[in-house]
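Have a look at my_file.pdb below; it lists PDB, C-alpha atoms.
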ATOM      1  CA  MET R   1      78.632 102.614  82.618  1.00  0.00           C
ATOM      2  CA  PRO R   2      76.531 105.651  81.760  1.00  0.00           C
ATOM      3  CA  ALA R   3      78.408 108.945  81.925  1.00  0.00           C
ATOM      4  CA  SER R   4      75.819 110.384  84.290  1.00  0.00           C
ATOM      5  CA  LEU R   5      76.809 107.873  86.980  1.00  0.00           C
ATOM      6  CA  LEU R   6      80.477 108.878  86.881  1.00  0.00           C
ATOM      7  CA  ILE R   7      79.758 111.971  88.987  1.00  0.00           C
ATOM      8  CA  LEU R   8      78.057 109.772  91.585  1.00  0.00           C
ATOM      9  CA  TRP R   9      81.048 107.389  91.714  1.00  0.00           C
ATOM     10  CA  VAL R  10      83.524 110.258  92.063  1.00  0.00           C
ATOM     11  CA  ALA R  11      81.446 111.784  94.870  1.00  0.00           C
ATOM     12  CA  MET R  12      81.237 108.445  96.704  1.00  0.00           C
ATOM     13  CA  ILE R  13      84.981 107.853  96.409  1.00  0.00           C
ATOM     14  CA  GLY R  14      85.722 111.394  97.598  1.00  0.00           C
ATOM     15  CA  CYS R  15      83.460 111.051 100.626  1.00  0.00           C
ATOM     16  CA  GLY R  16      84.895 107.639 101.466  1.00  0.00           C
ATOM     17  CA  LEU R  17      88.516 108.775 101.225  1.00  0.00           C
ATOM     18  CA  GLY R  18      87.808 111.884 103.271  1.00  0.00           C
ATOM     19  CA  ALA R  19      86.121 109.835 105.977  1.00  0.00           C
ATOM     20  CA  CYS R  20      88.912 107.255 106.028  1.00  0.00           C
ATOM     21  CA  PHE R  21      91.581 109.929 106.425  1.00  0.00           C
ATOM     22  CA  SER R  22      89.984 111.523 109.471  1.00  0.00           C
ATOM     23  CA  LEU R  23      89.092 108.118 110.902  1.00  0.00           C
ATOM     24  CA  THR R  24      92.706 106.908 110.718  1.00  0.00           C
ATOM     25  CA  LEU R  25      93.891 109.984 112.618  1.00  0.00           C
ATOM     26  CA  THR R  26      91.304 109.430 115.356  1.00  0.00           C
ATOM     27  CA  VAL R  27      91.713 105.659 115.637  1.00  0.00           C
ATOM     28  CA  ALA R  28      95.488 105.949 116.034  1.00  0.00           C
ATOM     29  CA  LEU R  29      94.917 108.177 119.089  1.00  0.00           C
ATOM     30  CA  ASP R  30      92.470 105.698 120.626  1.00  0.00           C
ATOM     31  CA  HIS R  31      94.824 102.716 120.600  1.00  0.00           C
ATOM     32  CA  LEU R  32      96.804 103.675 123.695  1.00  0.00           C
ATOM     33  CA  SER R  33      95.618 105.189 126.972  1.00  0.00           C
ATOM     34  CA  ASP R  34      98.872 107.032 127.740  1.00  0.00           C
ATOM     35  CA  PRO R  35      98.744 110.401 125.904  1.00  0.00           C
ATOM     36  CA  LYS R  36     102.505 110.475 125.306  1.00  0.00           C
ATOM     37  CA  LEU R  37     102.531 107.032 123.699  1.00  0.00           C
ATOM     38  CA  ALA R  38      99.335 107.780 121.742  1.00  0.00           C
ATOM     39  CA  GLY R  39     100.971 110.924 120.347  1.00  0.00           C
ATOM     40  CA  ALA R  40     104.095 108.990 119.404  1.00  0.00           C
ATOM     41  CA  LEU R  41     102.026 106.320 117.654  1.00  0.00           C
ATOM     42  CA  THR R  42     100.025 108.949 115.766  1.00  0.00           C
ATOM     43  CA  ALA R  43     103.204 110.775 114.711  1.00  0.00           C
ATOM     44  CA  PHE R  44     104.681 107.490 113.490  1.00  0.00           C
ATOM     45  CA  VAL R  45     101.532 106.570 111.538  1.00  0.00           C
ATOM     46  CA  GLN R  46     101.254 110.006 109.950  1.00  0.00           C
ATOM     47  CA  GLY R  47     104.949 110.365 109.205  1.00  0.00           C
ATOM     48  CA  ILE R  48     105.427 106.965 107.621  1.00  0.00           C
ATOM     49  CA  GLY R  49     102.050 107.133 105.879  1.00  0.00           C
ATOM     50  CA  PHE R  50     102.742 110.492 104.274  1.00  0.00           C
ATOM     51  CA  ILE R  51     106.201 109.398 103.154  1.00  0.00           C
ATOM     52  CA  ILE R  52     104.766 106.283 101.507  1.00  0.00           C
ATOM     53  CA  THR R  53     101.946 108.299  99.969  1.00  0.00           C
ATOM     54  CA  ALA R  54     104.406 110.818  98.531  1.00  0.00           C
ATOM     55  CA  ILE R  55     106.754 108.230  97.031  1.00  0.00           C
ATOM     56  CA  ILE R  56     104.257 105.785  95.497  1.00  0.00           C
ATOM     57  CA  PRO R  57     103.048 107.974  92.561  1.00  0.00           C
ATOM     58  CA  TYR R  58     106.635 108.491  91.370  1.00  0.00           C
ATOM     59  CA  PHE R  59     107.384 104.804  91.671  1.00  0.00           C
ATOM     60  CA  ALA R  60     104.124 103.921  89.878  1.00  0.00           C
ATOM     61  CA  GLY R  61     105.073 106.281  87.047  1.00  0.00           C
ATOM     62  CA  PHE R  62     108.501 104.682  86.815  1.00  0.00           C
ATOM     63  CA  LEU R  63     106.956 101.198  86.667  1.00  0.00           C
ATOM     64  CA  ARG R  64     104.449 102.313  84.027  1.00  0.00           C
ATOM     65  CA  GLN R  65     107.186 103.817  81.877  1.00  0.00           C
ATOM     66  CA  TRP R  66     109.504 100.836  82.330  1.00  0.00           C
ATOM     67  CA  SER R  67     106.906  98.143  81.626  1.00  0.00           C
ATOM     68  CA  GLY R  68     104.687 100.004  79.164  1.00  0.00           C
ATOM     69  CA  SER R  69     101.464  99.084  80.967  1.00  0.00           C
ATOM     70  CA  PHE R  70      99.692  99.546  84.257  1.00  0.00           C
ATOM     71  CA  GLN R  71      99.794  95.818  85.014  1.00  0.00           C
ATOM     72  CA  SER R  72     103.025  96.174  87.012  1.00  0.00           C
ATOM     73  CA  VAL R  73     101.523  99.111  88.917  1.00  0.00           C
ATOM     74  CA  TRP R  74      98.496  97.011  89.887  1.00  0.00           C
ATOM     75  CA  LEU R  75     100.854  94.251  91.026  1.00  0.00           C
ATOM     76  CA  MET R  76     102.763  96.788  93.131  1.00  0.00           C
ATOM     77  CA  LEU R  77      99.491  97.925  94.707  1.00  0.00           C
ATOM     78  CA  LEU R  78      98.538  94.320  95.465  1.00  0.00           C
ATOM     79  CA  ILE R  79     101.909  93.663  97.106  1.00  0.00           C
ATOM     80  CA  THR R  80     101.550  96.885  99.102  1.00  0.00           C
ATOM     81  CA  LEU R  81      98.062  95.867 100.234  1.00  0.00           C
ATOM     82  CA  VAL R  82      99.223  92.451 101.434  1.00  0.00           C
ATOM     83  CA  SER R  83     102.205  94.050 103.194  1.00  0.00           C
ATOM     84  CA  MET R  84      99.960  96.533 104.958  1.00  0.00           C
ATOM     85  CA  LEU R  85      97.636  93.732 106.087  1.00  0.00           C
ATOM     86  CA  ILE R  86     100.610  91.925 107.620  1.00  0.00           C
ATOM     87  CA  VAL R  87     101.780  95.120 109.342  1.00  0.00           C
ATOM     88  CA  THR R  88      98.243  95.752 110.619  1.00  0.00           C
ATOM     89  CA  MET R  89      98.044  92.277 112.138  1.00  0.00           C
ATOM     90  CA  ARG R  90     101.471  92.707 113.721  1.00  0.00           C
ATOM     91  CA  PHE R  91     100.570  96.067 115.266  1.00  0.00           C
ATOM     92  CA  ALA R  92      97.097  95.083 116.469  1.00  0.00           C
ATOM     93  CA  PRO R  93      96.296  96.543 119.914  1.00  0.00           C
ATOM     94  CA  GLN R  94      96.465  93.148 121.620  1.00  0.00           C
ATOM     95  CA  ASN R  95     100.118  92.839 120.480  1.00  0.00           C
ATOM     96  CA  TYR R  96     101.284  96.297 121.651  1.00  0.00           C
ATOM     97  CA  ALA R  97     102.936  95.028 124.833  1.00  0.00           C
ATOM     98  CA  LYS R  98     105.103  92.662 122.794  1.00  0.00           C
ATOM     99  CA  VAL R  99     105.815  94.942 119.808  1.00  0.00           C
ATOM    100  CA  MET R 100     106.413  98.238 121.618  1.00  0.00           C
ATOM    101  CA  ASN R 101     107.994  96.799 124.802  1.00  0.00           C
ATOM    102  CA  TYR R 102     105.025  98.287 126.611  1.00  0.00           C
ATOM    103  CA  SER R 103     104.331  96.328 129.756  1.00  0.00           C
TER
END

I need this file expressed as structure tokens, please.
Amino acid sequence: MPASLLILWVAMIGCGLGACFSLTLTVALDHLSDPKLAGALTAFVQGIGFIITAIIPYFAGFLRQWSGSFQSVWLMLLITLVSMLIVTMRFAPQNYAKVMNYS
């Protein structure tokens, strides 16, 4: 890849991550019509998300040091991705009544 395109890739990734962050905050509020429950869901998503985000770099560094390569870190990211897909399907809006005892 030419070095001149690296700036373009970094800019695209930065814009995408920034948009995704604000979108996740907004979408979490739109899932429930009751403001109290929507606030609780948003607090849960932000709290758990920030805890995971804060812990993962340390764990990735530990895995890198322990294994000597980034292959184990990529495997951890793959496992995390699959886990998050399962959680997302479980907490889909059509399942809220069952998951949150919200009738």

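Note that the spacing between CA of Thr24 (chain R) and CA of Leu6 (chain R) amounts to 26.9 Å.
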
Exercise. Can you pull out every residue within 12 Å of region 38-40 of chain R, counting only C-alpha atoms, but drop anything in the same chain fewer than 4 positions away, and send it as number ranges by chain?
Key: R: 25-34, 44-47, 93, 96, 100

Quiz item: Selected by the PyMOL selection byres ((chain R and resi 60) around 12) in the shown coordinates: which residues, as number ranges by chain?
Solution: R: 52-59, 61-77, 80

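Here CA of Leu5 (chain R) and CA of Leu78 (chain R) stand 27.0 Å from one another.
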
Practice problem: Mind giving me the straight-line distance from CA of Cys20 (chain R) to CA of Arg90 (chain R) in Å, one decimal? | Solution: 20.7 Å
